[in-house]
Amino acid sequence: MSFHPLMLYDPERFQRSERRLLEEGEPFTFAPERRAALDELLTKYPPDRKRSAILAALYLVQEQQGYLTANAVRHVGGILEMTPAEVEDVATYYVMFFKEKVGKHVVQVCRTLSCALAGAERVTEALSHTLGIAPGETDPSGMFTLLEFECLGACDRAPVVMVNNEDWHERVRPEDCGRLVEDIRARGPAASSGCHLRIERP
Amino acid sequence: MEPVLTRYIREPNSYTLDFFLKHDGYNGLKAALGMEPNAVIDLVKASGLRGRGGAGFPTGLKWQFVLKDTPLPKYICCNADESEPGTFKDHVLMERNPHLLFEGCLIGCRAIGAKVAYIYIRGEFFHVQKVLEAELAKAYAQGYVGKNIMGTGFDCDIVIHRGAGAYEAGEETALIESLEGKRAQPRIKPPFPAVSGLYNCPTAVNNVETLCNLPSILLNGAEWFTSLGPEKNGGPKLFCVSGHVKKPGTYEASMSTTLHELIYGHAGGIRDGHQLKAIIPGGSSVPILLPHELEIPASFDAVAQVGSMLGSAGIIVMDETTCMVWAARNLLYFYKHESCGKCTPCREGGDWLHRILTKIENGEGEMRDIDLLTSIGSNIAGKTLCAFGDAAATPALTTVKHFRPEFEAHVREGRCTVPADWRAARTPVAH
């Protein structure tokens, strides 16, 4: 065995592949307005460098169907002149692309040091309790997915929660989590308070 | 010091083009367009402006290295992938003063002869991106960006490119890879981006705050800029203070301000009833400083002299309720998660350090594990393509160095010896 003698060895917990094959999914083509948006984006890069638009293309896939599937990957590859393997190579690297079906609202809690010092662990605990799922899971109704995220870059308003890669909710307290979940359920993204920089007034 | 970069950020409409134009907006660019490109580089060199992304490399020098005699196009890449834990300064600048960044990008393009600037913004800053895009459209419409800028015949485009959640994309060559539509993994250097960067063309990668400093240098001159701080550390600087302080936030100050003043003055001091235990002065990747080491100027050179780094100036403050094994574990989880996987020492070593720290934190550690942390850490640092390896090893190395008794107590008593009410009973990490 090639491991260091003192390295913990446990193929169940550590030395295991995290590779998951993408689900085939429904047949996929971009809706016309998304295809137009992508074509517009492609004009911003040199004509022989279409692949630069891949992150934008994958975001558009998620906007259309929520997560990435093998069919979508092939479709994107066709447009950007990449093989499906090349698209998957990129897609699996970035954490903001969902490689399996996620809930309608993906709740992403920042867990890195500054947020953790402000109680992010207890926020995750409270959300986990309210939703009845562990971090990384989706609730049976398909409404919520709970994820832990790395530093979101708003450490002065910790702890920060992001919903669906876009909407922010700052200075979350564990005791507010129940209400926040109900609010998101009822009002969707409008429930999040947003980034303080936009709403703050002198 | 009178704020320069953040002077107007509390004004309700500070982000709009109209407001910007009323406050010297695009005048720095106008000055740059009236100068020879080389003269712009010389001016920035004379100002001593150092990169605000973390390394503190002189910006003028970086530009000078960009190949001149080449038929290839040249590029400016603005690094807006602000992901160093504890750093949130570019966030403020972009959301409240986007035109300052555009102006900085255009000045950079003028200096090195580029026709396009790509702003690589992290995917999580979508709300910031919306502000940038709306304001960029206005700047295009009024002729400040695009063809024949301000009637001078200078053409330059700005493109906003959204990342997708990769810390490593903040490393300059990894950022270029990501812009090219690949995994954000660093390249072997040399060749440096100045010779062969984006699309194998000469490229300068500059941080948001660095570029935002350019307009004021062009307007007020190099001497004014150097006079704002200690020698070789001139200009205004944004400091991000977070953690256990009363008023966390972004504060603009001269680099002659002491760390003590930033924490106890600007940020209001440690929360009531608690004492300072340690600070991380420059984002999570740099060594810890202890309370008695804070009477030094918060400058690149002074912080380096005491064995740490100013880095991205993200000051994380921890009080006595913070368990250092827990803190190291929190950061090692971050580094093992964000490692791009290209170099073995970092990919395997980071994960291994995290496993050992988890073991100690859960009270299952052995005394030899503590030395193992040091041994593994020193075998990662300096042995990887980019600085990520050093960054990943640092939280483990520095906590063991300064707080070894705390690690030993965990092993001896078989439990965490510094519990805090702000932590969960069990750290919730999914994997």
# chains A, B, ... in the order shown; residues from 1 in each chain; ligands from 1

call {"tool": "closest_atom_pairs", "arguments": {"of": "chain A", "to": "chain B", "cutoff": "6 Å", "atoms": "only C-alpha atoms", "output": "tab-separated table"}}
result
residue	atom	partner	partner_atom	distance
A:Arg51	CA	B:Gly181	CA	5.1
A:Ser52	CA	B:Gly181	CA	4.1
A:Ile54	CA	B:Gly181	CA	5.7
A:Val90	CA	B:Arg183	CA	5.2
A:Tyr94	CA	B:Ala164	CA	5.6
A:Val95	CA	B:Gly165	CA	5.5
A:Met96	CA	B:Ala164	CA	5.3
A:Ser114	CA	B:Gly243	CA	5.2
A:Leu117	CA	B:Gly243	CA	5.9
A:Gly119	CA	B:Trp422	CA	4.7
A:Glu121	CA	B:Ala424	CA	5.3
A:Arg122	CA	B:Ala424	CA	4.9
A:Pro135	CA	B:Ala430	CA	5.4
A:Cys151	CA	B:Pro85	CA	5.4
A:Gly153	CA	B:Phe88	CA	4.9
A:Ala154	CA	B:Phe88	CA	5.5
A:Cys155	CA	B:Ser242	CA	5.8
A:Asp156	CA	B:Pro248	CA	4.8
A:Glu166	CA	B:Phe126	CA	5.6
A:Pro202	CA	B:Arg10	CA	5.7

call {"tool": "write_last_selection", "arguments": {"atoms": "C-alpha atoms", "output": "compact mmCIF listing (two decimals), in the first residue's frame"}}
result
# COMPACT_ATOMS: atom_id res chain seq x y z
CA ARG A 51 -15.43 27.32 -24.49
CA SER A 52 -14.92 30.46 -22.39
CA ILE A 54 -19.10 27.29 -20.53
CA VAL A 90 -15.55 21.54 -15.88
CA TYR A 94 -17.35 24.04 -9.60
CA VAL A 95 -19.56 23.82 -6.52
CA MET A 96 -22.29 26.08 -7.82
CA SER A 114 -15.75 34.28 10.33
CA LEU A 117 -17.28 32.47 14.90
CA GLY A 119 -22.63 31.06 15.09
CA GLU A 121 -22.74 26.03 13.01
CA ARG A 122 -25.81 26.65 15.13
CA PRO A 135 -26.56 19.16 5.28
CA CYS A 151 -16.73 31.80 2.58
CA GLY A 153 -17.34 37.22 1.28
CA ALA A 154 -19.61 39.13 3.66
CA CYS A 155 -17.88 38.27 6.95
CA ASP A 156 -18.95 41.58 8.50
CA GLU A 166 -28.29 34.26 -5.86
CA PRO A 202 -26.67 56.59 6.05

call {"tool": "residues_around", "arguments": {"residues": "Asp39 of chain A", "least_positions_apart": "4", "cutoff": "10 Å", "atoms": "only C-alpha atoms", "output": "number ranges by chain"}}
result
A: 33-35, 43-44, 50, 53, 57, 79

call {"tool": "select_by_dssp", "arguments": {"residues": "segment 26-79 of chain A", "states": "helix (DSSP H, G or I)", "output": "PyMOL selection string"}}
result
chain A and resi 32-42+50-65+70-79

call {"tool": "residues_around", "arguments": {"residues": "Phe388 of chain B", "least_positions_apart": "5", "cutoff": "8 Å", "atoms": "only C-alpha atoms", "output": "MDAnalysis selection string"}}
result
chainID B and resid 168 339 346

call {"tool": "residues_around", "arguments": {"residues": "Leu100 of chain B", "least_positions_apart": "2", "cutoff": "10 Å", "atoms": "only C-alpha atoms", "output": "mmCIF file with N, CA, C and O atoms, in the first residue's frame"}}
result
data_model
loop_
_atom_site.group_PDB
_atom_site.id
_atom_site.type_symbol
_atom_site.label_atom_id
_atom_site.label_comp_id
_atom_site.auth_asym_id
_atom_site.auth_seq_id
_atom_site.Cartn_x
_atom_site.Cartn_y
_atom_site.Cartn_z
ATOM 1 N N LEU B 5 -11.036 55.694 -1.493
ATOM 2 C CA LEU B 5 -11.803 54.706 -2.245
ATOM 3 C C LEU B 5 -13.250 54.617 -1.764
ATOM 4 O O LEU B 5 -14.159 54.369 -2.545
ATOM 5 N N TYR B 15 -23.402 54.452 -6.496
ATOM 6 C CA TYR B 15 -23.047 53.508 -7.551
ATOM 7 C C TYR B 15 -23.450 53.975 -8.949
ATOM 8 O O TYR B 15 -23.085 53.360 -9.943
ATOM 9 N N LEU B 17 -23.827 56.274 -12.444
ATOM 10 C CA LEU B 17 -22.909 57.004 -13.316
ATOM 11 C C LEU B 17 -23.009 58.509 -13.068
ATOM 12 O O LEU B 17 -21.996 59.203 -12.992
ATOM 13 N N PHE B 20 -21.153 59.444 -10.005
ATOM 14 C CA PHE B 20 -19.717 59.267 -10.234
ATOM 15 C C PHE B 20 -19.155 60.437 -11.047
ATOM 16 O O PHE B 20 -18.097 60.978 -10.731
ATOM 17 N N GLY B 25 -15.484 61.598 -11.672
ATOM 18 C CA GLY B 25 -15.568 60.334 -12.392
ATOM 19 C C GLY B 25 -14.966 60.396 -13.782
ATOM 20 O O GLY B 25 -15.206 61.350 -14.517
ATOM 21 N N TYR B 26 -14.217 59.388 -14.120
ATOM 22 C CA TYR B 26 -13.551 59.213 -15.425
ATOM 23 C C TYR B 26 -12.556 60.324 -15.761
ATOM 24 O O TYR B 26 -12.061 60.387 -16.880
ATOM 25 N N GLY B 28 -9.633 60.571 -14.192
ATOM 26 C CA GLY B 28 -8.344 59.872 -14.179
ATOM 27 C C GLY B 28 -8.086 59.234 -15.529
ATOM 28 O O GLY B 28 -6.970 59.259 -16.054
ATOM 29 N N LEU B 93 -16.490 47.734 -2.823
ATOM 30 C CA LEU B 93 -16.084 48.615 -3.922
ATOM 31 C C LEU B 93 -16.947 48.393 -5.154
ATOM 32 O O LEU B 93 -17.400 49.348 -5.792
ATOM 33 N N MET B 94 -17.178 47.131 -5.496
ATOM 34 C CA MET B 94 -17.924 46.848 -6.717
ATOM 35 C C MET B 94 -19.393 47.203 -6.583
ATOM 36 O O MET B 94 -20.010 47.685 -7.516
ATOM 37 N N ARG B 96 -20.797 49.410 -4.457
ATOM 38 C CA ARG B 96 -21.085 50.818 -4.198
ATOM 39 C C ARG B 96 -20.360 51.772 -5.134
ATOM 40 O O ARG B 96 -20.671 52.952 -5.161
ATOM 41 N N ASN B 97 -19.371 51.302 -5.855
ATOM 42 C CA ASN B 97 -18.599 52.204 -6.705
ATOM 43 C C ASN B 97 -18.113 51.499 -7.970
ATOM 44 O O ASN B 97 -16.920 51.477 -8.264
ATOM 45 N N PRO B 98 -19.024 50.908 -8.735
ATOM 46 C CA PRO B 98 -18.597 50.095 -9.878
ATOM 47 C C PRO B 98 -17.820 50.865 -10.937
ATOM 48 O O PRO B 98 -16.900 50.328 -11.547
ATOM 49 N N PHE B 102 -14.393 50.224 -13.338
ATOM 50 C CA PHE B 102 -14.326 50.310 -14.806
ATOM 51 C C PHE B 102 -13.219 51.282 -15.221
ATOM 52 O O PHE B 102 -12.429 50.999 -16.122
ATOM 53 N N GLU B 103 -13.178 52.422 -14.522
ATOM 54 C CA GLU B 103 -12.170 53.416 -14.861
ATOM 55 C C GLU B 103 -10.762 52.840 -14.669
ATOM 56 O O GLU B 103 -9.888 53.008 -15.521
ATOM 57 N N GLY B 104 -10.588 52.125 -13.544
ATOM 58 C CA GLY B 104 -9.290 51.477 -13.288
ATOM 59 C C GLY B 104 -8.936 50.479 -14.374
ATOM 60 O O GLY B 104 -7.793 50.421 -14.844
ATOM 61 N N CYS B 105 -9.906 49.675 -14.798
ATOM 62 C CA CYS B 105 -9.669 48.683 -15.857
ATOM 63 C C CYS B 105 -9.222 49.380 -17.137
ATOM 64 O O CYS B 105 -8.294 48.941 -17.815
ATOM 65 N N LEU B 106 -9.904 50.478 -17.484
ATOM 66 C CA LEU B 106 -9.594 51.185 -18.726
ATOM 67 C C LEU B 106 -8.199 51.800 -18.672
ATOM 68 O O LEU B 106 -7.445 51.784 -19.650
ATOM 69 N N VAL B 208 -9.257 43.946 -7.776
ATOM 70 C CA VAL B 208 -10.222 45.047 -7.854
ATOM 71 C C VAL B 208 -9.711 46.304 -7.140
ATOM 72 O O VAL B 208 -9.705 47.399 -7.708
ATOM 73 N N GLU B 209 -9.263 46.132 -5.898
ATOM 74 C CA GLU B 209 -8.833 47.306 -5.121
ATOM 75 C C GLU B 209 -7.619 47.974 -5.764
ATOM 76 O O GLU B 209 -7.505 49.204 -5.772
ATOM 77 N N LEU B 211 -6.915 48.128 -8.994
ATOM 78 C CA LEU B 211 -7.379 48.909 -10.141
ATOM 79 C C LEU B 211 -8.129 50.160 -9.686
ATOM 80 O O LEU B 211 -8.032 51.217 -10.301
ATOM 81 N N CYS B 212 -8.867 50.046 -8.582
ATOM 82 C CA CYS B 212 -9.632 51.188 -8.077
ATOM 83 C C CYS B 212 -8.731 52.313 -7.580
ATOM 84 O O CYS B 212 -9.179 53.447 -7.424
ATOM 85 N N ASN B 213 -7.472 51.995 -7.282
ATOM 86 C CA ASN B 213 -6.543 53.024 -6.825
ATOM 87 C C ASN B 213 -6.006 53.876 -7.968
ATOM 88 O O ASN B 213 -5.477 54.963 -7.747
ATOM 89 N N LEU B 214 -6.126 53.360 -9.205
ATOM 90 C CA LEU B 214 -5.471 54.046 -10.332
ATOM 91 C C LEU B 214 -6.021 55.438 -10.621
ATOM 92 O O LEU B 214 -5.247 56.376 -10.811
ATOM 93 N N PRO B 215 -7.365 55.609 -10.685
ATOM 94 C CA PRO B 215 -7.863 56.945 -11.037
ATOM 95 C C PRO B 215 -7.301 58.041 -10.133
ATOM 96 O O PRO B 215 -6.891 59.108 -10.619
ATOM 97 N N SER B 216 -7.231 57.780 -8.824
ATOM 98 C CA SER B 216 -6.753 58.837 -7.928
ATOM 99 C C SER B 216 -5.260 59.086 -8.114
ATOM 100 O O SER B 216 -4.783 60.205 -7.924
#

call {"tool": "atom_distance", "arguments": {"atom1": "atom CA of Asp155 of chain B", "atom2": "atom CA of Ala114 of chain B"}}
result
9.2 Å

call {"tool": "closest_residue", "arguments": {"among": "A:His196, A:Arg187, A:His4, A:His105", "to": "Glu170 of chain A", "atoms": "only C-alpha atoms"}}
result
A:His196

call {"tool": "select_by_dssp", "arguments": {"residues": "segment 109-147 of chain A", "states": "strand (DSSP E or B)", "output": "PyMOL selection string"}}
result
chain A and resi 109-110+138+144-147

call {"tool": "decode", "arguments": {"residues": "segment 103-116 of chain A", "atoms": "N, CA, C and O atoms", "output": "compact mmCIF listing (two decimals), in the first residue's frame"}}
result
# COMPACT_ATOMS: atom_id res chain seq x y z
N GLY A 103 -33.62 20.58 -4.38
CA GLY A 103 -34.92 21.14 -4.05
C GLY A 103 -35.16 22.45 -4.78
O GLY A 103 -34.26 23.03 -5.37
N LYS A 104 -36.40 22.92 -4.69
CA LYS A 104 -36.75 24.17 -5.35
C LYS A 104 -35.94 25.33 -4.75
O LYS A 104 -35.54 26.25 -5.45
N HIS A 105 -35.73 25.26 -3.45
CA HIS A 105 -34.91 26.28 -2.79
C HIS A 105 -33.66 25.62 -2.22
O HIS A 105 -33.77 24.79 -1.32
N VAL A 106 -32.51 25.98 -2.73
CA VAL A 106 -31.27 25.43 -2.19
C VAL A 106 -30.73 26.44 -1.17
O VAL A 106 -30.39 27.57 -1.51
N VAL A 107 -30.72 26.02 0.09
CA VAL A 107 -30.30 26.92 1.17
C VAL A 107 -28.83 26.65 1.47
O VAL A 107 -28.46 25.55 1.86
N GLN A 108 -27.98 27.65 1.23
CA GLN A 108 -26.54 27.48 1.34
C GLN A 108 -26.01 28.32 2.50
O GLN A 108 -26.03 29.54 2.43
N VAL A 109 -25.52 27.66 3.54
CA VAL A 109 -25.05 28.37 4.73
C VAL A 109 -23.53 28.48 4.68
O VAL A 109 -22.83 27.48 4.49
N CYS A 110 -23.01 29.68 4.85
CA CYS A 110 -21.55 29.84 4.89
C CYS A 110 -21.03 29.22 6.18
O CYS A 110 -21.55 29.49 7.26
N ARG A 111 -20.00 28.38 6.08
CA ARG A 111 -19.50 27.68 7.26
C ARG A 111 -18.07 28.07 7.61
O ARG A 111 -17.49 27.58 8.56
N THR A 112 -17.44 28.94 6.83
CA THR A 112 -16.02 29.23 7.05
C THR A 112 -15.83 30.13 8.28
O THR A 112 -16.80 30.68 8.80
N LEU A 113 -14.58 30.28 8.70
CA LEU A 113 -14.25 30.79 10.03
C LEU A 113 -15.06 31.99 10.54
O LEU A 113 -15.65 31.90 11.61
N SER A 114 -15.09 33.09 9.78
CA SER A 114 -15.75 34.28 10.33
C SER A 114 -17.23 34.02 10.61
O SER A 114 -17.77 34.46 11.63
N CYS A 115 -17.90 33.33 9.70
CA CYS A 115 -19.31 33.00 9.92
C CYS A 115 -19.45 32.01 11.07
O CYS A 115 -20.36 32.11 11.89
N ALA A 116 -18.53 31.06 11.14
CA ALA A 116 -18.57 30.06 12.21
C ALA A 116 -18.39 30.73 13.57
O ALA A 116 -19.06 30.39 14.55
